Amino acid sequence: MTIASLIESDRKHLIHPVVNYRAHEARGATILESGHGVWLRDASGNELLDAFAGLWCVNTGYGQESIVRVAAEQMARLPYATGYFHFSSAPAIELAEQLVALSPASLQRVYFSLGGSDAIDSAVRFITHYYNATGRASKKHIIALERGYHGSSSSGSGLTALASFHRNFDVPLATQHHIASPYPYRSETPDDAQAIIGRSIAALEEKVTALGAENVAAFFCEPIQGSGGVIVPPQGWLKAMRDACHRLDILFVADEVITGFGRTGPMFACEAERVEPDLMTVAKGLTAGYAPMGAVLMSDRIYQALADSGNRSDPIGHGQTYSAHPVSAAIALEVLRLYREGGLIDNGVVQGRHFAAGLDSLLDHPLVGDSRHRGLLGAVELVADKQKRTRFDPSLDLSNRIFAAAYRNKIIFRAFGDNILGFAPALCITESEMQQMIKRVRKTLDDVLADEDVRAAVRSAEKTAA
Ligand code: PLP
């Protein structure tokens, strides 16, 4: 098929995730063809620096031959093994064992899903089962954060706190609640970590008190909120929230779908603050996007309660055909090897320093109000008025314009609707690639600022401030 006919066929038949369908039909798809390291090539031959690791998932970079090799070997040997009827496969068992060894000590058991959304959905089902089985059936309410993202399943989409995931989908459910996000740049006290942490704890306590602790099952959070705009809470926030959940007798669920596997420096973000969650969800970097897979890790306490529920003849009715898929598991084992023995986690830590310095260097640009980062996860937030932190008028459609300008400059990153630019390069990035990345971002910002309407928006904000 020619590129034009592929685009036409895509328009006619392929439904894309999280786009406006009419806008996609009008625009047409951009077809990607191949990748190597942090580089992507599109069907027109453009070589693009992927500063977003696909969808914050290709942490190893593209074209890792050893991953391709183990996948092919596993496919040839045993392309599928069901986990039903007590069957298992060596890669799945080894992977579960390694994940337990690498994750916080509280987590002892692993259920494999196909990605992040169904890992969240599984976590919700396990929690419901757990409280029903242990005689606390009233504990049904779940609290999460504003601007949080917990995927797109019929239950997880209500824990997600992004408007487009709620509109016309009849969520959040009556049992799903949100408290304010720990968002330093948009808080009254951006530099006062203790005040930000204190407000989050107070909000959680208030919500639990209002609902009644006997009715609250769990608190879900991302250690760093990704899709909500890379919101980096102060150090100590995660631990403080974990401890608060303990005091309030509710389960603490860390959603490490983005932050896991070296993205923020250590293997898991929980590790940096010695946080031991009751449950943890992972996906993305688990297989680095080379095949679909996610997981829910759970404490032995929860597992034992599930295992003791019902009669010996009652199965726990939770499963999927592709749970613990042997090819995905074999890939994940090789990906974990690359992170550790292959030096990717170490490189991520080193490059994380250049990344931080690079993003911070953009603060002198007239459009950039904030720079925030941890490890190789970061963002800059664009504002019309730096002093007042004023957002741009949505009618400027700045995010689409920035994405298009970035593409012309041969760089891909995430341009969120409220003009936050998100970055999550692969852990294999080199120092010179990092420099190119920052240079191309700056050039993109300059190009956008060259537009008269953008300059006028900045000028008019300056005038209001004066
Ligand atoms: N949880 C978090 C924190 C995520 O960022 C995502 C996806 O971006 C998900 C869950 C959902 O994962 P998936 O898209 O694999 O279903």
# chains A, B, ... in the order shown; residues from 1 in each chain; ligands from 1
>>> closest_atom_pairs(of="chain A", to="ligand 1", cutoff="7 Å", atoms="only C-alpha atoms and all ligand atoms", output="CSV")
residue,atom,partner,partner_atom_place_in_ligand_line,distance
A:Gly115,CA,ligand 1,15 (O),3.9
A:Gly116,CA,ligand 1,12 (O),3.1
A:Ser117,CA,ligand 1,16 (O),3.5
A:Asp118,CA,ligand 1,16 (O),6.3
A:Ile120,CA,ligand 1,10 (C),6.6
A:Tyr149,CA,ligand 1,3 (C),5.3
A:His150,CA,ligand 1,1 (N),3.9
A:Gly151,CA,ligand 1,11 (C),3.6
A:Ser152,CA,ligand 1,16 (O),6.4
A:Glu222,CA,ligand 1,3 (C),5.7
A:Gln225,CA,ligand 1,3 (C),7.0
A:Gly226,CA,ligand 1,5 (O),5.8
A:Ser227,CA,ligand 1,5 (O),6.0
A:Asp255,CA,ligand 1,3 (C),5.4
A:Glu256,CA,ligand 1,3 (C),6.0
A:Val257,CA,ligand 1,3 (C),4.7
A:Ile258,CA,ligand 1,5 (O),5.1
A:Ala283,CA,ligand 1,15 (O),6.0
A:Lys284,CA,ligand 1,15 (O),6.2
>>> residues_around(residues="Ala163 (chain A)", least_positions_apart="3", cutoff="12 Å", atoms="only C-alpha atoms", output="PyMOL selection string")
chain A and resi 18+146-149+157-160+166-172+228+417
>>> write_last_selection(atoms="all heavy atoms", output="short mmCIF file (atom, residue, chain, number, x, y, z; two decimals), in the first residue's frame")
data_model
loop_
_atom_site.label_atom_id
_atom_site.label_comp_id
_atom_site.auth_asym_id
_atom_site.auth_seq_id
_atom_site.Cartn_x
_atom_site.Cartn_y
_atom_site.Cartn_z
N VAL A 18 -8.01 8.20 22.41
CA VAL A 18 -7.96 9.57 22.93
C VAL A 18 -7.67 10.64 21.86
O VAL A 18 -6.75 11.44 22.00
CB VAL A 18 -6.94 9.67 24.11
CG1 VAL A 18 -7.19 10.93 24.94
CG2 VAL A 18 -7.03 8.47 25.03
N GLU A 146 -6.97 14.67 41.92
CA GLU A 146 -7.30 15.48 40.76
C GLU A 146 -6.10 15.46 39.81
O GLU A 146 -4.96 15.40 40.27
CB GLU A 146 -7.60 16.94 41.18
CG GLU A 146 -8.95 17.07 41.87
CD GLU A 146 -9.15 18.40 42.56
OE1 GLU A 146 -8.30 19.31 42.38
OE2 GLU A 146 -10.14 18.52 43.29
N ARG A 147 -6.34 15.51 38.52
CA ARG A 147 -5.32 15.42 37.47
C ARG A 147 -4.65 14.05 37.40
O ARG A 147 -3.66 13.87 36.70
CB ARG A 147 -4.22 16.50 37.62
CG ARG A 147 -4.74 17.92 37.64
CD ARG A 147 -3.61 18.92 37.72
NE ARG A 147 -3.01 19.10 36.41
CZ ARG A 147 -3.28 20.10 35.58
NH1 ARG A 147 -4.13 21.03 35.93
NH2 ARG A 147 -2.69 20.18 34.40
N GLY A 148 -5.19 13.07 38.15
CA GLY A 148 -4.59 11.73 38.11
C GLY A 148 -4.99 10.98 36.86
O GLY A 148 -6.01 11.29 36.23
N TYR A 149 -4.18 10.00 36.50
CA TYR A 149 -4.55 9.12 35.38
C TYR A 149 -4.35 7.68 35.80
O TYR A 149 -3.25 7.27 36.21
CB TYR A 149 -3.71 9.42 34.12
CG TYR A 149 -4.21 8.61 32.94
CD1 TYR A 149 -5.48 8.83 32.43
CD2 TYR A 149 -3.44 7.60 32.37
CE1 TYR A 149 -5.98 8.07 31.37
CE2 TYR A 149 -3.93 6.84 31.31
CZ TYR A 149 -5.20 7.08 30.81
OH TYR A 149 -5.69 6.32 29.77
N SER A 157 -11.40 4.51 34.69
CA SER A 157 -11.63 5.82 34.07
C SER A 157 -12.28 6.81 35.04
O SER A 157 -12.14 8.02 34.88
CB SER A 157 -12.49 5.68 32.81
OG SER A 157 -13.72 5.09 33.14
N GLY A 158 -12.97 6.27 36.04
CA GLY A 158 -13.57 7.15 37.06
C GLY A 158 -12.55 7.55 38.12
O GLY A 158 -12.69 8.58 38.78
N LEU A 159 -11.51 6.76 38.30
CA LEU A 159 -10.42 7.16 39.21
C LEU A 159 -9.54 8.18 38.50
O LEU A 159 -9.00 9.10 39.12
CB LEU A 159 -9.59 5.94 39.62
CG LEU A 159 -10.35 4.88 40.41
CD1 LEU A 159 -9.46 3.69 40.73
CD2 LEU A 159 -10.90 5.48 41.70
N THR A 160 -9.38 8.00 37.19
CA THR A 160 -8.74 9.03 36.37
C THR A 160 -9.51 10.33 36.58
O THR A 160 -10.74 10.32 36.69
CB THR A 160 -8.80 8.61 34.88
OG1 THR A 160 -7.89 7.53 34.68
CG2 THR A 160 -8.45 9.74 33.93
N HIS A 166 -14.30 11.36 31.42
CA HIS A 166 -15.57 11.30 32.14
C HIS A 166 -16.74 11.64 31.21
O HIS A 166 -17.82 11.06 31.34
CB HIS A 166 -15.56 12.29 33.31
CG HIS A 166 -14.55 11.93 34.38
ND1 HIS A 166 -14.28 12.74 35.46
CD2 HIS A 166 -13.75 10.84 34.53
CE1 HIS A 166 -13.35 12.16 36.22
NE2 HIS A 166 -13.01 11.02 35.67
N ARG A 167 -16.49 12.62 30.28
CA ARG A 167 -17.57 13.15 29.46
C ARG A 167 -18.28 12.04 28.68
O ARG A 167 -17.66 11.28 27.94
CB ARG A 167 -16.99 14.18 28.48
CG ARG A 167 -18.02 15.05 27.81
CD ARG A 167 -17.39 16.02 26.81
NE ARG A 167 -16.19 16.69 27.32
CZ ARG A 167 -14.99 16.58 26.77
NH1 ARG A 167 -14.81 15.86 25.68
NH2 ARG A 167 -13.96 17.21 27.29
N ASN A 168 -19.58 11.91 28.90
CA ASN A 168 -20.44 10.91 28.22
C ASN A 168 -20.15 9.46 28.63
O ASN A 168 -20.68 8.54 28.03
CB ASN A 168 -20.33 11.00 26.69
CG ASN A 168 -20.94 12.28 26.16
OD1 ASN A 168 -21.85 12.84 26.79
ND2 ASN A 168 -20.47 12.76 25.02
N PHE A 169 -19.30 9.25 29.62
CA PHE A 169 -18.99 7.87 30.02
C PHE A 169 -19.60 7.47 31.38
O PHE A 169 -19.32 6.38 31.88
CB PHE A 169 -17.46 7.66 30.07
CG PHE A 169 -16.84 7.46 28.71
CD1 PHE A 169 -15.99 8.41 28.16
CD2 PHE A 169 -17.11 6.31 27.97
CE1 PHE A 169 -15.40 8.22 26.91
CE2 PHE A 169 -16.53 6.11 26.71
CZ PHE A 169 -15.68 7.06 26.18
N ASP A 170 -20.38 8.38 31.97
CA ASP A 170 -21.06 8.07 33.24
C ASP A 170 -20.09 7.70 34.37
O ASP A 170 -20.37 6.79 35.17
CB ASP A 170 -22.11 6.97 33.05
CG ASP A 170 -23.26 7.43 32.18
OD1 ASP A 170 -23.36 8.65 31.91
OD2 ASP A 170 -24.06 6.58 31.75
N VAL A 171 -18.95 8.31 34.41
CA VAL A 171 -18.03 8.21 35.55
C VAL A 171 -17.62 9.64 35.92
O VAL A 171 -17.78 10.53 35.08
CB VAL A 171 -16.77 7.36 35.22
CG1 VAL A 171 -17.09 5.89 35.11
CG2 VAL A 171 -16.05 7.86 33.98
N PRO A 172 -17.11 9.87 37.11
CA PRO A 172 -16.82 8.92 38.18
C PRO A 172 -18.10 8.29 38.75
O PRO A 172 -19.16 8.90 38.75
CB PRO A 172 -16.13 9.77 39.26
CG PRO A 172 -15.83 11.08 38.65
CD PRO A 172 -16.70 11.24 37.46
N GLY A 228 -1.55 13.94 33.82
CA GLY A 228 -2.13 15.18 34.35
C GLY A 228 -1.18 16.36 34.18
O GLY A 228 -1.49 17.48 34.62
N GLY A 417 -2.87 19.71 26.73
CA GLY A 417 -3.85 20.74 26.42
C GLY A 417 -3.60 22.06 27.14
O GLY A 417 -3.81 23.13 26.58
#
>>> closest_residue(among="A:Ala213, A:Ile224, A:Leu363, A:Ala405", to="His246 (chain A)", atoms="only C-alpha atoms")
A:Ala213
>>> residues_around(residues="Arg414 (chain A)", least_positions_apart="2", cutoff="12 Å", atoms="only C-alpha atoms", output="JSON, numbers by chain")
{"A": [50, 51, 52, 53, 54, 55, 56, 226, 227, 228, 229, 230, 377, 378, 379, 380, 381, 399, 400, 401, 402, 403, 404, 406, 407, 411, 412, 416, 417, 418, 419, 420, 421, 422, 423, 424, 425, 441]}
>>> residues_around(residues="Ser89 (chain A)", least_positions_apart="4", cutoff="9 Å", atoms="only C-alpha atoms", output="list in words")
Leu78, Tyr80, Ala81, Thr82, Gly83, Ile93, Glu94, Ala324, His325 and Pro326 of chain A
>>> write_last_selection(atoms="N, CA, C and O atoms", output="CSV table (one decimal), in the first residue's frame")
chain,number,residue,atom,x,y,z
A,78,LEU,N,7.3,-21.8,22.5
A,78,LEU,CA,5.9,-21.9,23.1
A,78,LEU,C,5.3,-20.5,23.0
A,78,LEU,O,5.5,-19.7,23.8
A,80,TYR,N,2.3,-19.6,23.3
A,80,TYR,CA,1.2,-19.3,24.3
A,80,TYR,C,1.1,-20.4,25.3
A,80,TYR,O,1.3,-21.6,25.0
A,81,ALA,N,0.9,-20.0,26.5
A,81,ALA,CA,0.6,-21.0,27.6
A,81,ALA,C,-0.5,-20.4,28.5
A,81,ALA,O,-0.3,-19.3,29.0
A,82,THR,N,-1.6,-21.0,28.6
A,82,THR,CA,-2.6,-20.4,29.5
A,82,THR,C,-2.2,-20.5,30.9
A,82,THR,O,-1.4,-21.4,31.3
A,83,GLY,N,-2.7,-19.6,31.7
A,83,GLY,CA,-2.5,-19.7,33.1
A,83,GLY,C,-3.7,-20.3,33.8
A,83,GLY,O,-3.7,-20.6,35.0
A,93,ILE,N,6.9,-17.5,35.5
A,93,ILE,CA,7.2,-17.7,36.9
A,93,ILE,C,8.5,-17.0,37.3
A,93,ILE,O,8.6,-16.3,38.3
A,94,GLU,N,9.5,-17.0,36.4
A,94,GLU,CA,10.8,-16.3,36.7
A,94,GLU,C,10.5,-14.8,36.8
A,94,GLU,O,11.1,-14.1,37.6
A,324,ALA,N,-0.1,-13.4,32.0
A,324,ALA,CA,1.2,-14.1,32.1
A,324,ALA,C,1.6,-14.7,30.8
A,324,ALA,O,2.2,-15.8,30.7
A,325,HIS,N,1.4,-13.9,29.7
A,325,HIS,CA,1.7,-14.4,28.3
A,325,HIS,C,3.2,-14.7,28.3
A,325,HIS,O,4.0,-13.9,28.6
A,326,PRO,N,3.6,-15.9,27.8
A,326,PRO,CA,5.0,-16.3,27.9
A,326,PRO,C,5.9,-15.4,27.0
A,326,PRO,O,7.1,-15.2,27.4
>>> residues_around(residues="Val296 (chain A)", least_positions_apart="2", cutoff="12 Å", atoms="only C-alpha atoms", output="PyMOL selection string")
chain A and resi 96+99-100+103+107-127+253-257+277-283+286+293-294+298-299+302-303+323-324
>>> closest_atom_pairs(of="region 226-266 of chain A", to="region 130-133 of chain A", cutoff="12 Å", atoms="only C-alpha atoms", output="JSON lines")
{"residue": "A:Asp249", "atom": "CA", "partner": "A:Tyr131", "partner_atom": "CA", "distance": 11.9}
{"residue": "A:Ile250", "atom": "CA", "partner": "A:Tyr131", "partner_atom": "CA", "distance": 10.6}
{"residue": "A:Leu251", "atom": "CA", "partner": "A:Tyr131", "partner_atom": "CA", "distance": 10.4}
>>> residues_around(residues="His24 (chain A)", least_positions_apart="5", cutoff="12 Å", atoms="only C-alpha atoms", output="JSON, numbers by chain")
{"A": [7, 8, 10, 11, 12, 13, 14, 15, 16, 17, 18, 19, 29, 30]}
>>> select_by_dssp(residues="region 201-230 of chain A", states="strand (DSSP E or B)", output="PyMOL selection string")
chain A and resi 216-221+225
>>> write_last_selection(atoms="N, CA and C atoms", output="compact mmCIF listing (two decimals), in the first residue's frame")
# COMPACT_ATOMS: atom_id res chain seq x y z
N VAL A 216 -14.44 3.49 53.35
CA VAL A 216 -13.39 3.81 52.39
C VAL A 216 -12.44 2.62 52.24
N ALA A 217 -12.24 2.22 50.98
CA ALA A 217 -11.40 1.05 50.70
C ALA A 217 -9.94 1.43 50.50
N ALA A 218 -9.69 2.48 49.70
CA ALA A 218 -8.31 2.69 49.26
C ALA A 218 -8.07 4.10 48.74
N PHE A 219 -6.79 4.45 48.70
CA PHE A 219 -6.32 5.67 48.04
C PHE A 219 -5.37 5.24 46.93
N PHE A 220 -5.63 5.72 45.71
CA PHE A 220 -4.77 5.43 44.55
C PHE A 220 -4.00 6.69 44.20
N CYS A 221 -2.70 6.55 43.91
CA CYS A 221 -1.98 7.72 43.38
C CYS A 221 -0.80 7.29 42.53
N GLN A 225 2.50 12.48 38.94
CA GLN A 225 1.35 12.38 38.05
C GLN A 225 1.80 12.63 36.61
>>> atom_distance(atom1="CA of Gly63 (chain A)", atom2="CA of Ser34 (chain A)")
8.5 Å
>>> residues_around(residues="region 266-272 of chain A", least_positions_apart="4", cutoff="9 Å", atoms="only C-alpha atoms", output="ChimeraX atom specification")
/A:102-104,223-224,235,238-239,254,256,259-262,276-277,339,345-346,349,375
>>> write_last_selection(atoms="N, CA and C atoms", output="compact mmCIF listing (two decimals), in the first residue's frame")
# COMPACT_ATOMS: atom_id res chain seq x y z
N LEU A 102 12.56 -7.28 43.18
CA LEU A 102 12.96 -5.91 42.85
C LEU A 102 12.05 -4.85 43.47
N SER A 103 10.83 -5.22 43.80
CA SER A 103 9.84 -4.23 44.24
C SER A 103 9.89 -4.07 45.76
N PRO A 104 9.17 -3.09 46.32
CA PRO A 104 9.17 -2.90 47.76
C PRO A 104 8.83 -4.20 48.51
N PRO A 223 3.09 8.18 41.91
CA PRO A 223 4.15 8.88 42.66
C PRO A 223 4.49 10.24 42.03
N ILE A 224 4.45 10.29 40.69
CA ILE A 224 4.51 11.57 39.95
C ILE A 224 3.38 11.48 38.95
N GLN A 235 9.62 15.93 47.68
CA GLN A 235 10.17 14.71 48.29
C GLN A 235 9.48 14.52 49.64
N LEU A 238 5.05 11.14 49.04
CA LEU A 238 4.55 9.78 48.84
C LEU A 238 4.53 9.02 50.17
N LYS A 239 5.62 9.18 50.91
CA LYS A 239 5.75 8.48 52.19
C LYS A 239 4.69 8.99 53.17
N ALA A 254 -0.02 2.27 44.87
CA ALA A 254 0.89 3.10 44.08
C ALA A 254 0.77 2.69 42.62
N GLU A 256 2.45 2.78 39.50
CA GLU A 256 3.80 3.05 38.95
C GLU A 256 3.86 2.69 37.47
N THR A 259 6.03 5.59 36.33
CA THR A 259 7.23 5.88 37.14
C THR A 259 8.12 4.66 37.37
N GLY A 260 7.60 3.46 37.06
CA GLY A 260 8.40 2.25 37.28
C GLY A 260 9.53 2.08 36.29
N PHE A 261 10.42 1.16 36.62
CA PHE A 261 11.48 0.70 35.71
C PHE A 261 12.45 1.82 35.29
N GLY A 262 12.94 2.51 36.30
CA GLY A 262 14.03 3.46 36.09
C GLY A 262 13.61 4.83 35.58
N GLU A 276 6.24 1.36 51.13
CA GLU A 276 5.79 -0.02 50.94
C GLU A 276 4.28 -0.02 50.74
N PRO A 277 3.84 -0.03 49.49
CA PRO A 277 2.39 0.02 49.23
C PRO A 277 1.71 -1.32 49.53
N TYR A 339 17.99 -3.28 31.90
CA TYR A 339 17.96 -2.18 32.89
C TYR A 339 19.13 -2.30 33.86
N ILE A 345 19.64 1.56 33.77
CA ILE A 345 19.22 2.33 34.95
C ILE A 345 20.34 3.31 35.32
N ASP A 346 21.58 2.82 35.30
CA ASP A 346 22.72 3.69 35.65
C ASP A 346 22.82 4.86 34.66
N VAL A 349 20.25 7.49 35.36
CA VAL A 349 20.57 8.36 36.50
C VAL A 349 21.53 9.47 36.05
N GLY A 375 14.47 12.15 37.66
CA GLY A 375 15.01 11.15 36.75
C GLY A 375 14.86 11.61 35.32
>>> closest_residue(among="A:Thr464, A:Ser432, A:Thr60, A:Gln194", to="Lys386 (chain A)", atoms="only C-alpha atoms")
A:Thr464
>>> atom_distance(atom1="CA of Ile3 (chain A)", atom2="CA of Arg27 (chain A)")
14.2 Å
>>> select_by_dssp(residues="region 204-308 of chain A", states="alpha helix (DSSP H)", output="PyMOL selection string")
chain A and resi 204-211+237-248+269-272+300-307
>>> closest_residue(among="A:Ala356, A:Ala450, A:Val70, A:Ala330", to="Gln435 (chain A)", atoms="only C-alpha atoms")
A:Ala356
>>> decode(residues="region 176-269 of chain A", atoms="C-alpha atoms", output="CSV table (one decimal), in the first residue's frame")
chain,number,residue,atom,x,y,z
A,176,GLN,CA,-15.1,7.4,43.4
A,177,HIS,CA,-13.7,10.7,44.8
A,178,HIS,CA,-10.8,13.1,44.1
A,179,ILE,CA,-8.7,15.3,46.3
A,180,ALA,CA,-6.5,18.2,45.2
A,181,SER,CA,-3.2,17.3,43.5
A,182,PRO,CA,0.1,18.2,45.1
A,183,TYR,CA,1.0,20.7,42.4
A,184,PRO,CA,3.8,23.0,43.6
A,185,TYR,CA,3.8,25.4,40.7
A,186,ARG,CA,0.0,26.1,41.0
A,187,SER,CA,0.0,26.1,44.8
A,188,GLU,CA,-0.2,29.1,47.1
A,189,THR,CA,3.2,28.1,48.5
A,190,PRO,CA,5.3,26.6,45.7
A,191,ASP,CA,8.5,26.4,47.8
A,192,ASP,CA,7.0,25.2,51.0
A,193,ALA,CA,7.2,21.4,50.7
A,194,GLN,CA,5.8,20.8,54.2
A,195,ALA,CA,2.8,23.0,53.5
A,196,ILE,CA,2.0,21.1,50.3
A,197,ILE,CA,2.4,17.7,52.0
A,198,GLY,CA,0.3,18.9,54.9
A,199,ARG,CA,-2.5,20.1,52.7
A,200,SER,CA,-2.7,16.7,50.9
A,201,ILE,CA,-2.8,14.8,54.2
A,202,ALA,CA,-5.5,17.1,55.5
A,203,ALA,CA,-7.6,16.7,52.3
A,204,LEU,CA,-7.3,12.9,52.5
A,205,GLU,CA,-8.3,12.9,56.2
A,206,GLU,CA,-11.2,15.2,55.5
A,207,LYS,CA,-12.5,13.1,52.7
A,208,VAL,CA,-12.2,9.9,54.7
A,209,THR,CA,-13.9,11.5,57.7
A,210,ALA,CA,-16.7,12.8,55.4
A,211,LEU,CA,-17.3,9.3,53.9
A,212,GLY,CA,-16.6,7.4,57.1
A,213,ALA,CA,-13.5,5.3,57.4
A,214,GLU,CA,-15.6,2.2,57.5
A,215,ASN,CA,-16.8,3.0,54.0
A,216,VAL,CA,-13.4,3.8,52.4
A,217,ALA,CA,-11.4,1.0,50.7
A,218,ALA,CA,-8.3,2.7,49.3
A,219,PHE,CA,-6.3,5.7,48.0
A,220,PHE,CA,-4.8,5.4,44.6
A,221,CYS,CA,-2.0,7.7,43.4
A,222,GLU,CA,0.8,8.0,40.9
A,223,PRO,CA,4.1,8.9,42.7
A,224,ILE,CA,4.5,11.6,39.9
A,225,GLN,CA,1.3,12.4,38.1
A,226,GLY,CA,2.1,11.8,34.4
A,227,SER,CA,-0.8,12.4,32.1
A,228,GLY,CA,-2.1,15.2,34.3
A,229,GLY,CA,0.9,17.2,33.3
A,230,VAL,CA,4.0,15.6,35.0
A,231,ILE,CA,3.2,17.0,38.5
A,232,VAL,CA,6.2,16.3,40.7
A,233,PRO,CA,5.2,16.4,44.4
A,234,PRO,CA,7.8,17.4,47.0
A,235,GLN,CA,10.2,14.7,48.3
A,236,GLY,CA,8.5,13.0,51.2
A,237,TRP,CA,4.9,13.4,49.9
A,238,LEU,CA,4.6,9.8,48.8
A,239,LYS,CA,5.7,8.5,52.2
A,240,ALA,CA,3.5,10.9,54.1
A,241,MET,CA,0.5,9.7,52.1
A,242,ARG,CA,1.4,6.1,52.6
A,243,ASP,CA,1.6,6.7,56.4
A,244,ALA,CA,-1.7,8.6,56.4
A,245,CYS,CA,-3.5,5.7,54.7
A,246,HIS,CA,-2.1,3.4,57.3
A,247,ARG,CA,-3.4,5.6,60.1
A,248,LEU,CA,-6.8,5.9,58.3
A,249,ASP,CA,-7.1,2.1,57.8
A,250,ILE,CA,-7.3,2.3,54.0
A,251,LEU,CA,-5.2,0.5,51.4
A,252,PHE,CA,-2.5,2.5,49.7
A,253,VAL,CA,-2.1,1.7,45.9
A,254,ALA,CA,0.9,3.1,44.1
A,255,ASP,CA,0.3,3.3,40.3
A,256,GLU,CA,3.8,3.1,38.9
A,257,VAL,CA,2.7,2.5,35.3
A,258,ILE,CA,4.8,5.4,34.2
A,259,THR,CA,7.2,5.9,37.1
A,260,GLY,CA,8.4,2.2,37.3
A,261,PHE,CA,11.5,0.7,35.7
A,262,GLY,CA,14.0,3.5,36.1
A,263,ARG,CA,11.9,6.3,34.7
A,264,THR,CA,12.5,8.4,37.8
A,265,GLY,CA,16.0,7.1,38.7
A,266,PRO,CA,15.5,4.0,40.9
A,267,MET,CA,13.7,0.8,39.7
A,268,PHE,CA,10.5,2.1,41.3
A,269,ALA,CA,9.7,5.6,42.5
